[in-house]
Amino acid sequence: MKELTCLAIFFLISTILAILMIVAGFICQYKKHSEIKNTTYECGIIPFGDAKIKFDIKYFNYAIAFLIFDIETIFLYPFAVSMNSLGLFAIIEAFVFVIILLFGLFFIINKKILRWM
């Protein structure tokens, strides 16, 4: 019961602190509006053109595929470091993980996401 009381106090204090930070942000904000303040910051250069540009979706697909495989490689690094001390079950789990990654790679290849043109 003592643990639940401590947990409830923790949630109460964190909620109060979050609300206080939001209120402090509203109180301390800079309220003077001007044309210069509302422009896009471009290192002191006067903005030109429209900020809305056409963005090809293939670049987004490349970025997502890179992030997925990059992060999964980071997850495999601790396994590679401690491979000698792990049991057979952990090794099988790692191979299942790599098979799932290969399945994702074959899916991306079949959807032709990696084609440049």
# chains A, B, ... in the order shown; residues from 1 in each chain; ligands from 1
call {"tool": "select_by_dssp", "arguments": {"residues": "region 26-94 of chain A", "states": "alpha helix (DSSP H)", "output": "PDB file with N, CA, C and O atoms, in the first residue's frame"}}
result
ATOM      1  N   PHE A  26       2.809  30.747 -20.491  1.00  0.00           N
ATOM      2  CA  PHE A  26       1.846  31.755 -20.922  1.00  0.00           C
ATOM      3  C   PHE A  26       2.109  33.104 -20.268  1.00  0.00           C
ATOM      4  O   PHE A  26       1.955  34.146 -20.890  1.00  0.00           O
ATOM      5  N   ILE A  27       2.521  33.100 -19.015  1.00  0.00           N
ATOM      6  CA  ILE A  27       2.776  34.355 -18.315  1.00  0.00           C
ATOM      7  C   ILE A  27       4.036  35.033 -18.842  1.00  0.00           C
ATOM      8  O   ILE A  27       4.067  36.254 -19.028  1.00  0.00           O
ATOM      9  N   CYS A  28       5.070  34.280 -19.120  1.00  0.00           N
ATOM     10  CA  CYS A  28       6.370  34.847 -19.504  1.00  0.00           C
ATOM     11  C   CYS A  28       6.551  35.034 -21.011  1.00  0.00           C
ATOM     12  O   CYS A  28       7.623  35.465 -21.431  1.00  0.00           O
ATOM     13  N   ILE A  57       7.617  11.931 -52.647  1.00  0.00           N
ATOM     14  CA  ILE A  57       7.427  10.954 -51.580  1.00  0.00           C
ATOM     15  C   ILE A  57       8.533   9.909 -51.548  1.00  0.00           C
ATOM     16  O   ILE A  57       8.780   9.309 -50.501  1.00  0.00           O
ATOM     17  N   LYS A  58       9.254   9.709 -52.656  1.00  0.00           N
ATOM     18  CA  LYS A  58      10.289   8.667 -52.661  1.00  0.00           C
ATOM     19  C   LYS A  58      11.407   8.993 -51.680  1.00  0.00           C
ATOM     20  O   LYS A  58      11.986   8.089 -51.088  1.00  0.00           O
ATOM     21  N   TYR A  59      11.697  10.275 -51.453  1.00  0.00           N
ATOM     22  CA  TYR A  59      12.724  10.636 -50.484  1.00  0.00           C
ATOM     23  C   TYR A  59      12.269  10.283 -49.069  1.00  0.00           C
ATOM     24  O   TYR A  59      13.069   9.850 -48.243  1.00  0.00           O
ATOM     25  N   PHE A  60      10.998  10.468 -48.795  1.00  0.00           N
ATOM     26  CA  PHE A  60      10.443  10.087 -47.502  1.00  0.00           C
ATOM     27  C   PHE A  60      10.534   8.580 -47.299  1.00  0.00           C
ATOM     28  O   PHE A  60      10.888   8.105 -46.221  1.00  0.00           O
ATOM     29  N   ASN A  61      10.224   7.819 -48.349  1.00  0.00           N
ATOM     30  CA  ASN A  61      10.317   6.354 -48.255  1.00  0.00           C
ATOM     31  C   ASN A  61      11.749   5.904 -47.993  1.00  0.00           C
ATOM     32  O   ASN A  61      11.982   4.978 -47.202  1.00  0.00           O
ATOM     33  N   TYR A  62      12.729   6.530 -48.662  1.00  0.00           N
ATOM     34  CA  TYR A  62      14.128   6.199 -48.405  1.00  0.00           C
ATOM     35  C   TYR A  62      14.497   6.492 -46.953  1.00  0.00           C
ATOM     36  O   TYR A  62      15.180   5.706 -46.302  1.00  0.00           O
ATOM     37  N   ALA A  63      14.058   7.631 -46.455  1.00  0.00           N
ATOM     38  CA  ALA A  63      14.391   8.013 -45.087  1.00  0.00           C
ATOM     39  C   ALA A  63      13.788   7.042 -44.077  1.00  0.00           C
ATOM     40  O   ALA A  63      14.457   6.633 -43.123  1.00  0.00           O
ATOM     41  N   ILE A  64      12.546   6.647 -44.275  1.00  0.00           N
ATOM     42  CA  ILE A  64      11.895   5.717 -43.360  1.00  0.00           C
ATOM     43  C   ILE A  64      12.586   4.353 -43.404  1.00  0.00           C
ATOM     44  O   ILE A  64      12.853   3.743 -42.365  1.00  0.00           O
ATOM     45  N   ALA A  65      12.895   3.877 -44.603  1.00  0.00           N
ATOM     46  CA  ALA A  65      13.576   2.578 -44.722  1.00  0.00           C
ATOM     47  C   ALA A  65      14.952   2.637 -44.059  1.00  0.00           C
ATOM     48  O   ALA A  65      15.356   1.702 -43.356  1.00  0.00           O
ATOM     49  N   PHE A  66      15.669   3.740 -44.255  1.00  0.00           N
ATOM     50  CA  PHE A  66      16.975   3.879 -43.620  1.00  0.00           C
ATOM     51  C   PHE A  66      16.853   3.869 -42.105  1.00  0.00           C
ATOM     52  O   PHE A  66      17.619   3.188 -41.414  1.00  0.00           O
ATOM     53  N   LEU A  67      15.897   4.615 -41.566  1.00  0.00           N
ATOM     54  CA  LEU A  67      15.733   4.669 -40.115  1.00  0.00           C
ATOM     55  C   LEU A  67      15.371   3.310 -39.531  1.00  0.00           C
ATOM     56  O   LEU A  67      15.890   2.908 -38.486  1.00  0.00           O
ATOM     57  N   ILE A  68      14.490   2.599 -40.210  1.00  0.00           N
ATOM     58  CA  ILE A  68      14.081   1.283 -39.708  1.00  0.00           C
ATOM     59  C   ILE A  68      15.292   0.358 -39.626  1.00  0.00           C
ATOM     60  O   ILE A  68      15.561  -0.245 -38.584  1.00  0.00           O
ATOM     61  N   PHE A  69      16.044   0.251 -40.702  1.00  0.00           N
ATOM     62  CA  PHE A  69      17.165  -0.681 -40.711  1.00  0.00           C
ATOM     63  C   PHE A  69      18.335  -0.183 -39.874  1.00  0.00           C
ATOM     64  O   PHE A  69      19.083  -0.977 -39.311  1.00  0.00           O
ATOM     65  N   ASP A  70      18.489   1.120 -39.748  1.00  0.00           N
ATOM     66  CA  ASP A  70      19.548   1.665 -38.920  1.00  0.00           C
ATOM     67  C   ASP A  70      19.279   1.388 -37.446  1.00  0.00           C
ATOM     68  O   ASP A  70      20.161   0.945 -36.704  1.00  0.00           O
ATOM     69  N   ILE A  71      18.072   1.622 -37.004  1.00  0.00           N
ATOM     70  CA  ILE A  71      17.717   1.392 -35.604  1.00  0.00           C
ATOM     71  C   ILE A  71      17.753  -0.097 -35.280  1.00  0.00           C
ATOM     72  O   ILE A  71      18.196  -0.501 -34.198  1.00  0.00           O
ATOM     73  N   GLU A  72      17.322  -0.928 -36.206  1.00  0.00           N
ATOM     74  CA  GLU A  72      17.375  -2.370 -35.953  1.00  0.00           C
ATOM     75  C   GLU A  72      18.819  -2.858 -35.867  1.00  0.00           C
ATOM     76  O   GLU A  72      19.127  -3.762 -35.098  1.00  0.00           O
ATOM     77  N   THR A  73      19.712  -2.253 -36.619  1.00  0.00           N
ATOM     78  CA  THR A  73      21.126  -2.601 -36.513  1.00  0.00           C
ATOM     79  C   THR A  73      21.667  -2.205 -35.144  1.00  0.00           C
ATOM     80  O   THR A  73      22.461  -2.939 -34.542  1.00  0.00           O
ATOM     81  N   ILE A  74      21.222  -1.075 -34.640  1.00  0.00           N
ATOM     82  CA  ILE A  74      21.633  -0.659 -33.296  1.00  0.00           C
ATOM     83  C   ILE A  74      21.126  -1.655 -32.259  1.00  0.00           C
ATOM     84  O   ILE A  74      21.813  -1.943 -31.277  1.00  0.00           O
ATOM     85  N   PHE A  75      19.942  -2.218 -32.449  1.00  0.00           N
ATOM     86  CA  PHE A  75      19.427  -3.217 -31.526  1.00  0.00           C
ATOM     87  C   PHE A  75      20.239  -4.515 -31.585  1.00  0.00           C
ATOM     88  O   PHE A  75      20.320  -5.239 -30.597  1.00  0.00           O
ATOM     89  N   LEU A  76      20.853  -4.807 -32.715  1.00  0.00           N
ATOM     90  CA  LEU A  76      21.656  -6.024 -32.842  1.00  0.00           C
ATOM     91  C   LEU A  76      23.055  -5.879 -32.252  1.00  0.00           C
ATOM     92  O   LEU A  76      23.716  -6.873 -31.977  1.00  0.00           O
ATOM     93  N   TYR A  77      23.511  -4.671 -32.047  1.00  0.00           N
ATOM     94  CA  TYR A  77      24.870  -4.461 -31.548  1.00  0.00           C
ATOM     95  C   TYR A  77      25.094  -5.075 -30.162  1.00  0.00           C
ATOM     96  O   TYR A  77      26.104  -5.765 -29.965  1.00  0.00           O
ATOM     97  N   PRO A  78      24.210  -4.859 -29.178  1.00  0.00           N
ATOM     98  CA  PRO A  78      24.451  -5.499 -27.876  1.00  0.00           C
ATOM     99  C   PRO A  78      24.485  -7.028 -27.962  1.00  0.00           C
ATOM    100  O   PRO A  78      25.226  -7.674 -27.226  1.00  0.00           O
ATOM    101  N   PHE A  79      23.708  -7.582 -28.859  1.00  0.00           N
ATOM    102  CA  PHE A  79      23.754  -9.036 -29.052  1.00  0.00           C
ATOM    103  C   PHE A  79      25.124  -9.466 -29.551  1.00  0.00           C
ATOM    104  O   PHE A  79      25.691 -10.447 -29.090  1.00  0.00           O
ATOM    105  N   ALA A  80      25.665  -8.731 -30.506  1.00  0.00           N
ATOM    106  CA  ALA A  80      26.959  -9.088 -31.066  1.00  0.00           C
ATOM    107  C   ALA A  80      28.073  -8.964 -30.023  1.00  0.00           C
ATOM    108  O   ALA A  80      29.012  -9.749 -30.017  1.00  0.00           O
ATOM    109  N   VAL A  81      27.962  -7.997 -29.137  1.00  0.00           N
ATOM    110  CA  VAL A  81      28.984  -7.799 -28.120  1.00  0.00           C
ATOM    111  C   VAL A  81      28.969  -8.930 -27.091  1.00  0.00           C
ATOM    112  O   VAL A  81      30.012  -9.412 -26.665  1.00  0.00           O
ATOM    113  N   LEU A  88      21.549 -20.523 -26.151  1.00  0.00           N
ATOM    114  CA  LEU A  88      21.035 -20.897 -27.460  1.00  0.00           C
ATOM    115  C   LEU A  88      19.736 -20.165 -27.776  1.00  0.00           C
ATOM    116  O   LEU A  88      19.505 -19.759 -28.915  1.00  0.00           O
ATOM    117  N   PHE A  89      18.894 -19.965 -26.764  1.00  0.00           N
ATOM    118  CA  PHE A  89      17.618 -19.285 -26.989  1.00  0.00           C
ATOM    119  C   PHE A  89      17.822 -17.863 -27.499  1.00  0.00           C
ATOM    120  O   PHE A  89      17.130 -17.412 -28.413  1.00  0.00           O
ATOM    121  N   ALA A  90      18.794 -17.138 -26.924  1.00  0.00           N
ATOM    122  CA  ALA A  90      19.061 -15.765 -27.356  1.00  0.00           C
ATOM    123  C   ALA A  90      19.591 -15.735 -28.785  1.00  0.00           C
ATOM    124  O   ALA A  90      19.255 -14.833 -29.560  1.00  0.00           O
ATOM    125  N   ILE A  91      20.395 -16.705 -29.144  1.00  0.00           N
ATOM    126  CA  ILE A  91      20.929 -16.760 -30.506  1.00  0.00           C
ATOM    127  C   ILE A  91      19.799 -17.028 -31.500  1.00  0.00           C
ATOM    128  O   ILE A  91      19.728 -16.396 -32.563  1.00  0.00           O
ATOM    129  N   ILE A  92      18.906 -17.925 -31.143  1.00  0.00           N
ATOM    130  CA  ILE A  92      17.748 -18.200 -32.012  1.00  0.00           C
ATOM    131  C   ILE A  92      16.876 -16.954 -32.135  1.00  0.00           C
ATOM    132  O   ILE A  92      16.404 -16.626 -33.234  1.00  0.00           O
ATOM    133  N   GLU A  93      16.678 -16.240 -31.027  1.00  0.00           N
ATOM    134  CA  GLU A  93      15.898 -14.999 -31.066  1.00  0.00           C
ATOM    135  C   GLU A  93      16.536 -13.974 -31.999  1.00  0.00           C
ATOM    136  O   GLU A  93      15.844 -13.273 -32.746  1.00  0.00           O
ATOM    137  N   ALA A  94      17.853 -13.870 -31.964  1.00  0.00           N
ATOM    138  CA  ALA A  94      18.543 -12.918 -32.831  1.00  0.00           C
ATOM    139  C   ALA A  94      18.371 -13.299 -34.295  1.00  0.00           C
ATOM    140  O   ALA A  94      18.164 -12.431 -35.155  1.00  0.00           O
TER     141      ALA A  94
END
